[in-house]
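A quick write-up on the structure given underneath.
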Amino acid sequence: FITRWHNAAFKSYGAFHTGVEVYGKEWCFGASQDDESSVGWVEPGLCDQHHFRESLYMGSTKCTPDQVEKIIEDMGKEWTGTSYDMLTRNCHNFSAALCARLGVSQPPPWVNELASTLAEKPSAT
């Protein structure tokens with residue numbers, strides 16, 4: 001809620017949530033206290049925990065629905081709730097990894113720019 005005004009005004013720098021829509025499901029990743037899969041799906045654009053902003057076309061996958069289900073199952077083993085880190089292992093990192101597995105384009109850099117910038121360690125001078 002707090003970031004919505006900023007996200008509306010500044011497309012290239014904000015706190016966004018991402019998911020990947022494929023075959024009618026929007027797949028996403030989030031934090032939890034469980035050391036189990038934290039990958040889940042919602043109806044596209046209808047995640048009640050986030051304000052929908054826009055869709056970005058990444059391309060069409062050549063994977064079949066069964067192959068996508070297997071990819072999600074495999075990714076769920078490594079994308080557990082306790083592995084979530086707001087700056088270095090977040091929903092954007094998951095979305096980029098899923099896009100790579102689906103053989104489609106990567107999300108544009110501005111999507112994760114804020115977390116990436118905050119995660120950078122200052123260089124020693």
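If you're wondering about the labels, chains in the structure tokens are A, B, ... by order shown, residues count from 1 in each chain, ligands from 1 in order shown.
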Which residues are near Thr18 of chain A? Cut-off 9 Å, only C-alpha atoms, ignore same chain within fewer than 2 positions. Put them as a PDB file with C-alpha atoms, in the first residue's frame.
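Produced file result_17.pdb, reproduced below:
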```
ATOM      1  CA  PHE A  16       6.783  -4.160  -7.569  1.00  0.00           C
ATOM      2  CA  VAL A  20       4.584 -15.192 -14.829  1.00  0.00           C
ATOM      3  CA  TRP A  27       2.857 -18.267 -11.098  1.00  0.00           C
ATOM      4  CA  CYS A  28       4.659 -16.416  -8.324  1.00  0.00           C
ATOM      5  CA  PHE A  29       6.942 -16.821  -5.324  1.00  0.00           C
ATOM      6  CA  CYS A  91       9.460 -12.760  -6.777  1.00  0.00           C
ATOM      7  CA  HIS A  92      11.406 -11.004  -9.561  1.00  0.00           C
ATOM      8  CA  PHE A  94      11.742 -16.303  -9.499  1.00  0.00           C
ATOM      9  CA  SER A  95       9.987 -14.721 -12.490  1.00  0.00           C
ATOM     10  CA  VAL A 111      11.282  -4.497 -12.615  1.00  0.00           C
TER      11      VAL A 111
END
```
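For the residues A:Leu98, A:Val39, A:Met86, A:Leu46, ranking by smallest atom-to-atom distance to Asn112 of chain A using only C-alpha atoms places A:Met86 first.
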* alpha helix (DSSP H) per DSSP on the backbone: members of chain A, as a PyMOL selection string -> chain A and resi 4-9+65-78+91-102+113-119
